[in-house]
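work23.cif (mmCIF, C-alpha atoms and all ligand atoms) appears below.
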```
data_work
#
loop_
_atom_site.label_atom_id
_atom_site.label_comp_id
_atom_site.auth_asym_id
_atom_site.auth_seq_id
_atom_site.Cartn_x
_atom_site.Cartn_y
_atom_site.Cartn_z
CA MET A 1 20.37 -10.40 6.73
CA PRO A 2 22.31 -12.56 4.26
CA ASP A 3 23.53 -10.98 1.01
CA LYS A 4 22.02 -13.67 -1.17
CA HIS A 5 20.11 -11.55 -3.69
CA GLU A 6 21.82 -9.06 -5.94
CA SER A 7 18.64 -7.01 -6.01
CA ARG A 8 18.93 -6.33 -2.31
CA HIS A 9 19.88 -2.82 -1.36
CA LEU A 10 21.74 -3.24 1.87
CA ASN A 11 23.32 0.14 1.23
CA CYS A 12 21.10 3.21 1.44
CA ARG A 13 19.29 4.01 -1.81
CA VAL A 14 19.90 7.71 -1.16
CA CYS A 15 23.29 8.20 0.46
CA GLY A 16 25.01 4.83 -0.04
CA SER A 17 25.76 4.20 3.66
CA ARG A 18 25.19 0.79 5.16
CA THR A 19 21.58 0.56 6.37
CA ASN A 20 20.20 -1.46 9.25
CA ALA A 21 17.60 -4.06 8.21
CA PHE A 22 15.98 -4.20 11.64
CA MET A 23 13.14 -6.63 10.87
CA SER A 24 11.49 -8.82 8.26
CA PHE A 25 7.78 -9.13 7.50
CA GLY A 26 8.57 -12.45 5.82
CA ARG A 27 7.56 -13.82 2.45
CA MET A 28 5.24 -11.35 0.79
CA PRO A 29 3.32 -11.26 -2.51
CA ILE A 30 2.67 -8.16 -4.63
CA ALA A 31 0.33 -6.03 -2.51
CA ASN A 32 -2.06 -5.26 -5.36
CA GLY A 33 -1.68 -8.70 -7.00
CA PHE A 34 -5.27 -9.93 -6.68
CA LEU A 35 -5.46 -13.19 -8.58
CA THR A 36 -7.63 -16.06 -9.78
CA ALA A 37 -7.42 -19.52 -8.24
CA ALA A 38 -5.65 -20.75 -11.40
CA GLU A 39 -2.94 -18.13 -10.99
CA THR A 40 -2.01 -19.03 -7.41
CA ALA A 41 0.46 -21.73 -8.50
CA LYS A 42 2.76 -19.16 -10.11
CA GLU A 43 2.28 -16.36 -7.59
CA TYR A 44 5.37 -14.20 -7.09
CA PHE A 45 6.83 -13.68 -3.62
CA PHE A 46 9.71 -11.64 -2.21
CA GLU A 47 10.98 -10.93 1.27
CA LEU A 48 9.57 -7.70 2.74
CA VAL A 49 12.42 -6.18 4.72
CA PRO A 50 12.46 -2.52 5.77
CA ALA A 51 15.74 -0.86 6.68
CA PHE A 52 16.75 2.38 8.36
CA CYS A 53 19.72 4.52 7.35
CA GLU A 54 21.25 6.12 10.41
CA THR A 55 23.29 8.48 8.21
CA CYS A 56 20.51 10.25 6.26
CA GLY A 57 17.44 9.04 8.17
CA MET A 58 15.75 7.34 5.20
CA PHE A 59 13.33 4.49 5.93
CA GLN A 60 13.35 2.17 2.89
CA LEU A 61 12.81 -1.31 1.53
CA VAL A 62 15.83 -3.55 1.10
CA GLU A 63 14.25 -5.46 -1.79
CA GLN A 64 11.64 -4.23 -4.25
CA PRO A 65 10.14 -6.43 -6.97
CA GLN A 66 10.79 -5.42 -10.58
CA PRO A 67 8.29 -2.77 -11.77
CA ASP A 68 6.85 -5.14 -14.39
CA LYS A 69 5.81 -7.48 -11.55
CA MET A 70 3.99 -4.70 -9.71
CA PHE A 71 2.37 -2.72 -12.52
CA HIS A 72 0.97 -5.39 -14.79
CA ALA A 73 -1.77 -4.79 -17.34
CA ASN A 74 -4.53 -5.37 -14.80
CA TYR A 75 -3.16 -2.71 -12.56
CA ALA A 76 -5.46 0.26 -12.41
CA PHE A 77 -6.05 2.49 -9.48
CA TYR A 78 -8.30 5.43 -10.21
CA SER A 79 -7.91 8.14 -7.60
CA SER A 80 -11.20 9.79 -8.43
CA THR A 81 -13.29 6.88 -7.12
CA SER A 82 -12.98 8.25 -3.58
CA ARG A 83 -15.13 11.26 -2.74
CA TYR A 84 -12.87 12.00 0.20
CA MET A 85 -9.79 12.14 -2.05
CA GLN A 86 -11.70 14.36 -4.52
CA ILE A 87 -12.19 16.94 -1.78
CA HIS A 88 -8.60 16.60 -0.59
CA PHE A 89 -7.13 17.27 -4.05
CA GLU A 90 -9.50 20.14 -4.73
CA LYS A 91 -8.12 21.79 -1.57
CA PHE A 92 -4.54 20.99 -2.56
CA ALA A 93 -5.07 22.55 -6.02
CA ARG A 94 -6.72 25.62 -4.54
CA SER A 95 -3.84 26.14 -2.08
CA VAL A 96 -1.38 26.06 -4.99
CA MET A 97 -3.42 28.51 -7.08
CA GLU A 98 -3.92 30.91 -4.18
CA GLY A 99 -0.35 30.47 -2.94
CA ILE A 100 2.63 30.05 -5.24
CA LEU A 101 0.76 30.72 -8.51
CA SER A 102 -1.12 33.78 -7.32
CA GLY A 103 -0.40 36.80 -9.53
CA ARG A 104 1.95 34.94 -11.87
CA PRO A 105 1.43 35.52 -15.59
CA ASP A 106 0.51 32.32 -17.45
CA PRO A 107 2.02 29.86 -14.93
CA LEU A 108 2.81 26.21 -15.72
CA VAL A 109 1.96 23.38 -13.31
CA VAL A 110 3.41 19.90 -13.81
CA GLU A 111 2.17 16.94 -11.82
CA LEU A 112 4.15 13.71 -11.48
CA GLY A 113 1.93 10.61 -11.29
CA SER A 114 -1.14 12.63 -12.20
CA ASN A 115 -3.39 9.54 -12.27
CA ASP A 116 -6.82 10.22 -13.76
CA GLY A 117 -6.45 13.97 -13.36
CA ILE A 118 -8.04 14.21 -9.93
CA MET A 119 -5.89 17.25 -9.07
CA LEU A 120 -5.06 18.76 -12.48
CA GLN A 121 -8.76 18.97 -13.42
CA HIS A 122 -8.96 22.05 -11.19
CA PHE A 123 -6.16 23.81 -13.11
CA HIS A 124 -7.75 22.70 -16.38
CA ALA A 125 -11.09 24.14 -15.29
CA ARG A 126 -9.44 27.54 -14.81
CA GLU A 127 -7.68 27.23 -18.17
CA MET A 128 -4.25 27.26 -16.57
CA ARG A 129 -1.29 25.67 -18.34
CA HIS A 130 -0.81 22.20 -16.89
CA LEU A 131 0.87 18.92 -17.75
CA GLY A 132 0.40 15.53 -16.13
CA VAL A 133 3.03 12.80 -16.24
CA GLU A 134 1.38 9.40 -15.78
CA PRO A 135 3.22 6.20 -16.74
CA SER A 136 0.10 4.00 -16.56
CA VAL A 137 -1.40 4.33 -20.06
CA ASN A 138 -4.96 3.28 -19.28
CA VAL A 139 -5.14 5.67 -16.32
CA ALA A 140 -3.61 8.49 -18.40
CA ASP A 141 -6.24 7.85 -21.11
CA VAL A 142 -8.99 8.61 -18.59
CA ALA A 143 -7.31 11.94 -17.79
CA ARG A 144 -6.89 12.80 -21.48
CA GLY A 145 -10.56 11.97 -22.03
CA ARG A 146 -11.35 14.74 -19.55
CA GLY A 147 -9.24 17.20 -21.52
CA ILE A 148 -6.28 17.14 -19.15
CA ASN A 149 -2.90 17.35 -20.89
CA THR A 150 -1.12 14.13 -19.96
CA ILE A 151 1.95 12.30 -21.21
CA SER A 152 2.54 8.62 -20.46
CA ALA A 153 6.17 8.32 -19.44
CA PHE A 154 8.47 7.88 -16.47
CA PHE A 155 9.80 11.16 -15.12
CA GLY A 156 13.53 11.77 -14.87
CA GLU A 157 16.13 14.24 -16.03
CA ASN A 158 15.65 13.43 -19.73
CA LEU A 159 11.90 13.90 -19.64
CA ALA A 160 12.39 17.12 -17.64
CA GLY A 161 14.51 18.39 -20.53
CA GLU A 162 11.86 17.45 -23.08
CA ILE A 163 9.12 19.17 -21.09
CA GLU A 164 11.27 22.26 -20.70
CA ALA A 165 11.92 22.35 -24.46
CA ALA A 166 8.22 22.04 -25.28
CA HIS A 167 6.58 24.13 -22.54
CA GLY A 168 9.31 26.06 -20.70
CA ARG A 169 10.10 25.72 -17.02
CA ALA A 170 7.47 25.05 -14.37
CA ASP A 171 6.23 27.38 -11.65
CA ALA A 172 5.11 24.42 -9.60
CA VAL A 173 5.81 20.69 -9.75
CA LEU A 174 3.35 18.62 -7.72
CA ALA A 175 3.15 14.97 -6.69
CA ALA A 176 0.86 13.05 -4.35
CA ASN A 177 1.47 9.48 -3.22
CA VAL A 178 4.03 9.08 -5.96
CA MET A 179 7.50 9.97 -4.68
CA CYS A 180 7.49 7.15 -2.12
CA HIS A 181 7.05 4.69 -5.03
CA ILE A 182 10.15 5.76 -6.96
CA PRO A 183 13.36 3.86 -6.16
CA ASP A 184 15.55 6.17 -8.25
CA LEU A 185 14.85 9.26 -6.19
CA ALA A 186 18.03 10.94 -7.44
CA SER A 187 16.88 10.93 -11.06
CA VAL A 188 13.50 12.43 -10.18
CA ALA A 189 15.03 15.03 -7.85
CA SER A 190 17.52 16.21 -10.46
CA GLY A 191 14.74 16.25 -13.06
CA VAL A 192 12.57 18.42 -10.81
CA ARG A 193 15.50 20.75 -10.12
CA ARG A 194 16.04 21.14 -13.86
CA LEU A 195 12.36 21.70 -14.65
CA LEU A 196 11.65 24.30 -11.94
CA LYS A 197 11.94 28.01 -12.51
CA ALA A 198 14.41 29.77 -10.19
CA ASP A 199 11.43 30.91 -8.10
CA GLY A 200 9.38 27.72 -8.57
CA VAL A 201 8.42 25.18 -5.93
CA PHE A 202 8.09 21.42 -5.72
CA MET A 203 5.29 20.19 -3.48
CA PHE A 204 4.66 16.55 -2.73
CA GLU A 205 2.87 14.50 -0.12
CA ASP A 206 3.19 10.92 1.00
CA PRO A 207 2.43 8.72 4.02
CA TYR A 208 4.41 10.08 6.96
CA LEU A 209 6.94 8.04 8.91
CA GLY A 210 6.11 9.81 12.18
CA ASP A 211 2.48 8.66 11.97
CA MET A 212 3.43 5.14 10.99
CA ILE A 213 5.78 4.77 13.97
CA ALA A 214 3.35 6.42 16.42
CA LYS A 215 0.38 4.28 15.29
CA THR A 216 2.24 1.04 14.50
CA SER A 217 0.54 1.26 11.09
CA TYR A 218 2.98 -1.20 9.56
CA ASP A 219 0.59 -1.84 6.67
CA GLN A 220 2.09 1.27 5.02
CA ILE A 221 5.02 -1.03 4.30
CA TYR A 222 4.52 -2.95 1.05
CA ASP A 223 6.22 -3.45 -2.30
CA GLU A 224 5.14 -0.15 -3.88
CA HIS A 225 6.28 2.01 -0.97
CA VAL A 226 10.03 1.85 -1.37
CA PHE A 227 10.41 4.85 0.96
CA ILE A 228 8.47 6.10 3.96
CA PHE A 229 9.52 9.74 4.31
CA SER A 230 10.10 12.07 7.23
CA ALA A 231 10.98 15.77 7.11
CA THR A 232 14.51 14.79 8.14
CA SER A 233 15.01 12.27 5.33
CA VAL A 234 13.35 14.50 2.69
CA MET A 235 15.52 17.44 3.68
CA ASN A 236 18.67 15.32 3.42
CA ALA A 237 17.74 13.53 0.19
CA PHE A 238 16.84 16.68 -1.78
CA ALA A 239 19.67 18.84 -0.45
CA ARG A 240 21.92 16.60 -2.56
CA HIS A 241 20.15 17.99 -5.64
CA GLY A 242 20.05 21.68 -4.72
CA LEU A 243 16.53 21.64 -3.34
CA GLU A 244 15.78 22.99 0.12
CA LEU A 245 12.89 21.97 2.38
CA ILE A 246 11.05 25.25 3.01
CA ASP A 247 7.71 24.11 4.47
CA VAL A 248 5.84 21.09 5.80
CA ALA A 249 2.14 20.54 6.48
CA PRO A 250 0.61 17.41 8.04
CA GLN A 251 -2.32 15.82 6.16
CA GLN A 252 -5.05 13.41 7.30
CA THR A 253 -4.92 11.31 4.12
CA HIS A 254 -3.67 7.70 4.03
CA GLY A 255 -3.74 7.42 7.79
CA GLY A 256 -1.35 10.34 8.25
CA SER A 257 0.67 12.03 5.53
CA MET A 258 3.00 15.00 5.22
CA ARG A 259 3.12 17.62 2.48
CA TYR A 260 6.64 18.85 1.77
CA THR A 261 7.45 22.06 -0.10
CA LEU A 262 10.91 22.37 -1.62
CA ALA A 263 12.55 25.20 -3.55
CA PRO A 264 15.91 25.84 -5.21
CA LYS A 265 18.47 26.45 -2.46
CA GLU A 266 18.34 29.89 -0.86
CA SER A 267 15.55 31.10 -3.15
CA ARG A 268 12.96 31.38 -0.34
CA ALA A 269 12.62 31.80 3.41
CA ILE A 270 12.23 28.60 5.40
CA ALA A 271 8.92 28.46 7.31
CA PRO A 272 9.10 27.94 11.10
CA ALA A 273 7.09 24.71 10.64
CA VAL A 274 10.21 23.03 9.22
CA GLY A 275 12.36 23.55 12.32
CA GLU A 276 9.45 22.57 14.56
CA CYS A 277 8.85 19.37 12.61
CA LEU A 278 12.54 18.42 12.65
CA ALA A 279 12.62 18.97 16.44
CA ARG A 280 9.49 16.82 16.89
CA GLU A 281 11.08 14.05 14.84
CA ARG A 282 14.20 14.09 17.03
CA GLN A 283 11.98 13.99 20.10
CA GLN A 284 10.09 11.02 18.66
CA GLY A 285 13.41 9.32 17.99
CA LEU A 286 12.93 9.04 14.21
CA ASP A 287 16.69 9.60 13.84
CA ARG A 288 17.63 6.66 16.07
CA LEU A 289 17.77 2.93 15.39
CA GLU A 290 16.33 2.03 18.83
CA THR A 291 12.98 3.55 17.71
CA TYR A 292 12.78 1.04 14.87
CA VAL A 293 13.71 -1.87 17.11
CA ARG A 294 10.80 -0.82 19.34
CA PHE A 295 8.57 -0.52 16.24
CA LYS A 296 9.41 -4.14 15.40
CA GLN A 297 8.31 -5.20 18.88
CA ASN A 298 5.11 -3.17 18.50
CA CYS A 299 4.37 -4.90 15.17
CA GLU A 300 4.85 -8.32 16.78
CA ASN A 301 2.55 -7.37 19.67
CA SER A 302 -0.09 -6.07 17.26
CA ARG A 303 0.06 -9.30 15.26
CA ALA A 304 -0.25 -11.46 18.41
CA GLU A 305 -3.26 -9.49 19.67
CA LEU A 306 -5.05 -9.52 16.32
CA MET A 307 -4.58 -13.26 15.86
CA GLN A 308 -5.69 -13.97 19.42
CA LEU A 309 -8.91 -12.11 18.67
CA LEU A 310 -9.47 -13.79 15.29
CA ASN A 311 -8.75 -17.24 16.73
CA ARG A 312 -11.22 -16.64 19.55
CA PHE A 313 -13.99 -15.57 17.14
CA ARG A 314 -13.21 -18.56 14.96
CA SER A 315 -13.55 -20.98 17.90
CA GLU A 316 -16.81 -19.26 18.88
CA GLY A 317 -18.17 -19.78 15.36
CA LYS A 318 -18.50 -16.05 14.66
CA ARG A 319 -18.54 -14.73 11.12
CA VAL A 320 -15.75 -12.28 10.31
CA VAL A 321 -15.61 -10.43 6.97
CA GLY A 322 -12.82 -8.12 5.82
CA TYR A 323 -13.82 -4.61 4.76
CA GLY A 324 -11.82 -3.16 1.84
CA ALA A 325 -9.43 -5.26 -0.28
CA THR A 326 -6.68 -2.66 0.02
CA SER A 327 -3.00 -2.96 -0.90
CA LYS A 328 -2.28 -2.28 2.75
CA SER A 329 -4.24 -5.34 3.83
CA THR A 330 -1.81 -7.63 1.99
CA THR A 331 0.92 -6.89 4.52
CA VAL A 332 -1.45 -7.50 7.43
CA THR A 333 -2.97 -10.75 6.15
CA ASN A 334 0.38 -12.29 5.20
CA TYR A 335 2.42 -11.06 8.16
CA CYS A 336 -0.24 -12.12 10.67
CA GLY A 337 -1.15 -15.40 8.94
CA ILE A 338 -4.84 -14.66 8.40
CA THR A 339 -6.57 -17.45 6.46
CA PRO A 340 -10.05 -18.01 4.98
CA ALA A 341 -10.80 -19.88 8.22
CA HIS A 342 -10.46 -16.56 10.08
CA VAL A 343 -11.95 -14.21 7.49
CA GLU A 344 -14.76 -15.58 5.28
CA PHE A 345 -14.21 -13.05 2.50
CA ILE A 346 -13.20 -9.45 1.89
CA SER A 347 -15.93 -7.08 0.76
CA ASP A 348 -14.85 -4.60 -1.91
CA THR A 349 -16.62 -2.28 -4.35
CA THR A 350 -13.91 -2.51 -7.05
CA PRO A 351 -15.27 -4.74 -9.85
CA ILE A 352 -11.80 -5.85 -11.04
CA LYS A 353 -10.99 -7.36 -7.63
CA GLN A 354 -14.32 -9.14 -7.14
CA GLY A 355 -14.28 -12.90 -7.68
CA LYS A 356 -10.53 -12.97 -7.16
CA LEU A 357 -8.36 -14.00 -4.23
CA SER A 358 -6.32 -11.69 -2.06
CA PRO A 359 -2.54 -11.89 -2.65
CA GLY A 360 -0.75 -14.55 -0.63
CA ALA A 361 -3.45 -15.18 1.97
CA HIS A 362 -6.00 -16.08 -0.75
CA LEU A 363 -9.04 -14.66 1.00
CA PRO A 364 -11.93 -14.47 -1.49
CA VAL A 365 -12.91 -10.94 -2.58
CA ARG A 366 -16.64 -10.47 -3.04
CA PRO A 367 -18.90 -7.58 -3.99
CA TYR A 368 -19.96 -5.17 -1.29
CA GLU A 369 -23.57 -6.31 -1.77
CA GLU A 370 -22.69 -9.63 -0.12
CA PHE A 371 -21.58 -7.83 3.01
CA VAL A 372 -24.89 -5.96 3.14
CA ARG A 373 -27.03 -9.00 2.23
CA ALA A 374 -25.97 -10.94 5.34
CA TYR A 375 -24.03 -8.81 7.80
CA PRO A 376 -21.27 -10.74 9.61
CA ASP A 377 -20.74 -10.60 13.39
CA TYR A 378 -17.49 -8.70 12.90
CA ALA A 379 -15.98 -6.65 10.09
CA LEU A 380 -12.20 -6.42 10.01
CA LEU A 381 -11.54 -2.84 8.90
CA PHE A 382 -8.69 -3.14 6.40
CA ALA A 383 -9.50 0.32 4.97
CA TRP A 384 -8.91 1.90 8.39
CA ASN A 385 -7.55 5.08 6.83
CA HIS A 386 -11.10 5.78 5.60
CA GLY A 387 -12.51 4.68 8.96
CA ASP A 388 -14.60 7.77 9.70
CA GLU A 389 -16.16 7.80 6.23
CA ILE A 390 -16.92 4.05 6.43
CA ARG A 391 -18.32 3.94 9.93
CA GLU A 392 -20.65 6.79 9.06
CA LYS A 393 -21.84 4.88 6.00
CA GLU A 394 -22.30 1.55 7.80
CA GLN A 395 -24.57 2.56 10.65
CA CYS A 396 -27.03 -0.24 9.77
CA PHE A 397 -24.31 -2.83 10.26
CA VAL A 398 -23.62 -1.59 13.79
CA SER A 399 -27.26 -0.99 14.75
CA GLY A 400 -27.92 -4.62 13.74
CA GLY A 401 -25.31 -5.77 16.27
CA GLY A 402 -22.24 -5.84 14.01
CA ARG A 403 -18.89 -4.73 15.41
CA TRP A 404 -15.66 -3.46 13.86
CA ILE A 405 -12.28 -5.02 14.46
CA VAL A 406 -9.60 -2.35 14.12
CA TYR A 407 -5.83 -2.71 14.53
CA VAL A 408 -4.52 0.84 14.12
CA PRO A 409 -3.34 2.30 16.43
CA ASP A 410 -4.39 -0.57 18.75
CA VAL A 411 -6.14 -3.88 18.24
CA LYS A 412 -9.71 -3.56 19.51
CA VAL A 413 -13.38 -4.21 18.84
CA VAL A 414 -15.51 -1.09 18.45
CA SER A 415 -19.08 -0.26 17.52
ZN ZN A 501 21.15 7.11 3.77
#
```
For this file, write the structure as structure tokens.
Amino acid sequence: MPDKHESRHLNCRVCGSRTNAFMSFGRMPIANGFLTAAETAKEYFFELVPAFCETCGMFQLVEQPQPDKMFHANYAFYSSTSRYMQIHFEKFARSVMEGILSGRPDPLVVELGSNDGIMLQHFHAREMRHLGVEPSVNVADVARGRGINTISAFFGENLAGEIEAAHGRADAVLAANVMCHIPDLASVASGVRRLLKADGVFMFEDPYLGDMIAKTSYDQIYDEHVFIFSATSVMNAFARHGLELIDVAPQQTHGGSMRYTLAPKESRAIAPAVGECLARERQQGLDRLETYVRFKQNCENSRAELMQLLNRFRSEGKRVVGYGATSKSTTVTNYCGITPAHVEFISDTTPIKQGKLSPGAHLPVRPYEEFVRAYPDYALLFAWNHGDEIREKEQCFVSGGGRWIVYVPDVKVVS
């Protein structure tokens, strides 16, 4: 890869070693940048290049657009819109209350990227001390409206100091689908270390590298996900800031995630699951470059198979509609070269996306009602990570002869 942009991080964002940029997904727009036809002329693009650091094991993006390009005023993702995620976070909250917080007098829970309060609402309901940190003001306002204590700011060592001064140190710091978005991991890690009590824990979960490699789910790779973590890379990255990986727990969310528990060094016993997970990662080859070279080949094969299928349906005059205008789908549509000639429109229930075009590929996004009104021959399942929930809901589509096109872990047509 040429060193033509100063913004490119060819050295590891965590340890500073030279990384290996083993592939490029090409010119890519902002994954959540749904836009009007008038806006397409000034659409922003960057080159989506993942890299692997053989020294610390971190999978990362070489180039990430400036935050103001990604989180513009229209940006609003409300976690609570998914029933499935509601249940997931209720369980997460309960495990924290029954685990680390159990028996503690007046504990404090801090959540980084607390969104609309989907997790903290459970602590609020039990009148436990809690504080959400949510940079997106309009999303934080929703949480505050529900009575959840929330500050709109970016977390780092300074904010950790302010929180400590106002509320004392935290028993638990939580984060879900947030840490993988933060390029300055060092600042957040040192902030967490400062904010935690000596016997406190930091628990976070994010899409898991092991699942992404095993399933060729390359659509996890987009502008917002600057890191895709493994137990190996998390252990290495946080050890630099005095935090030790003491437990791991796989999660079904986002097509395969991992929950990591960290604690101040030598404050707690390390669960056997950590050693087992690290051994599995070595067995899978997550510590070796050759695994990523094979992943590249798998991505290219997946793309070729998907386009072969879409081109065949197009030549047969079949109607194909995309299901779910997800951020993930932006990588798939642009990397594969899917056009409105392949996919008539994408059906989505989010009002703010309806009537707009998908980023880069410019597939029209239309209300879900249009999908139901005239079922297509095939639905391309962009929201595959909610596949079970969706296929259960859309039994009428299938009983009427409709079929799903899926591409994770393999490209195939299913009923
Ligand atoms: Zn590194």
_At most 9 Å from ligand ZN 501 (chain A) (all atoms listed in the file): residue list as a PyMOL selection string_ = chain A and resi 11-19+52-59+233+236-237
Selected residues, C-alpha atoms, written as a JSON list (two decimals), in the coordinates of the input, please.
```json
[["chain", "number", "residue", "atom", "x", "y", "z"],
["A", 11, "ASN", "CA", 23.32, 0.14, 1.23],
["A", 12, "CYS", "CA", 21.10, 3.21, 1.44],
["A", 13, "ARG", "CA", 19.29, 4.01, -1.81],
["A", 14, "VAL", "CA", 19.90, 7.71, -1.16],
["A", 15, "CYS", "CA", 23.29, 8.20, 0.46],
["A", 16, "GLY", "CA", 25.01, 4.83, -0.04],
["A", 17, "SER", "CA", 25.76, 4.20, 3.66],
["A", 18, "ARG", "CA", 25.19, 0.79, 5.16],
["A", 19, "THR", "CA", 21.58, 0.56, 6.37],
["A", 52, "PHE", "CA", 16.75, 2.38, 8.36],
["A", 53, "CYS", "CA", 19.72, 4.52, 7.35],
["A", 54, "GLU", "CA", 21.25, 6.12, 10.41],
["A", 55, "THR", "CA", 23.29, 8.48, 8.21],
["A", 56, "CYS", "CA", 20.51, 10.25, 6.26],
["A", 57, "GLY", "CA", 17.44, 9.04, 8.17],
["A", 58, "MET", "CA", 15.75, 7.34, 5.20],
["A", 59, "PHE", "CA", 13.33, 4.49, 5.93],
["A", 233, "SER", "CA", 15.01, 12.27, 5.33],
["A", 236, "ASN", "CA", 18.67, 15.32, 3.42],
["A", 237, "ALA", "CA", 17.74, 13.53, 0.19]]
```
*Point-to-point distance in Å for CA of Val248 in chain A and CA of Tyr260 in chain A*: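 Interatomic distance here is 4.7 Å.
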*So which residues fall inside 8 Å of (-13.7, 23.7, -8.7) if we count all atoms listed in the file? Mind giving them as a ChimeraX atom specification?*
/A:90,122,125
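Take the candidates A:Gln308, A:Thr253, A:Thr349, A:Thr333 and check each one against Phe92 in chain A using only C-alpha atoms; the shortest distance goes to A:Thr253.
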Could you build a table of the residues in range 261-333 of chain A lying no more than 10 Å from range 161-182 of chain A, giving for each the nearest pair of atoms and their separation in Å rounded to one decimal place, using all atoms listed in the file, ordered by chain and ascending residue number, as a tab-separated table?
```
residue	atom	partner	partner_atom	distance
A:Thr261	CA	A:Leu174	CA	9.3
A:Leu262	CA	A:Val173	CA	9.7
A:Ala263	CA	A:Ala172	CA	9.6
```
Can you spit out the residues from that selection as an mmCIF file, in the frame of the given file, using C-alpha atoms?
```cif
data_model
loop_
_atom_site.group_PDB
_atom_site.id
_atom_site.type_symbol
_atom_site.label_atom_id
_atom_site.label_comp_id
_atom_site.auth_asym_id
_atom_site.auth_seq_id
_atom_site.Cartn_x
_atom_site.Cartn_y
_atom_site.Cartn_z
ATOM 1 C CA THR A 261 7.450 22.060 -0.100
ATOM 2 C CA LEU A 262 10.910 22.370 -1.620
ATOM 3 C CA ALA A 263 12.550 25.200 -3.550
#
```
*Using only C-alpha atoms, which of A:Gly103, A:Gly360, A:Gly255, A:Pro272 sits nearest Met28 in chain A?*
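Checking each of A:Gly103, A:Gly360, A:Gly255, A:Pro272 against Met28 in chain A, counting only C-alpha atoms, the winner is A:Gly360.
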*Distance criterion (all atoms listed in the file): nearest to Asp106 in chain A out of A:Phe295, A:Phe123, A:Phe34, A:Tyr335*: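 Among the listed residues, the smallest separation from Asp106 in chain A belongs to A:Phe123.
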*Using all atoms listed in the file, which residue out of A:Met85, A:Val192, A:Ala271, A:Met128 lies closest to Ser102 in chain A?*
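Closest to Ser102 in chain A, using all atoms listed in the file: A:Met128.
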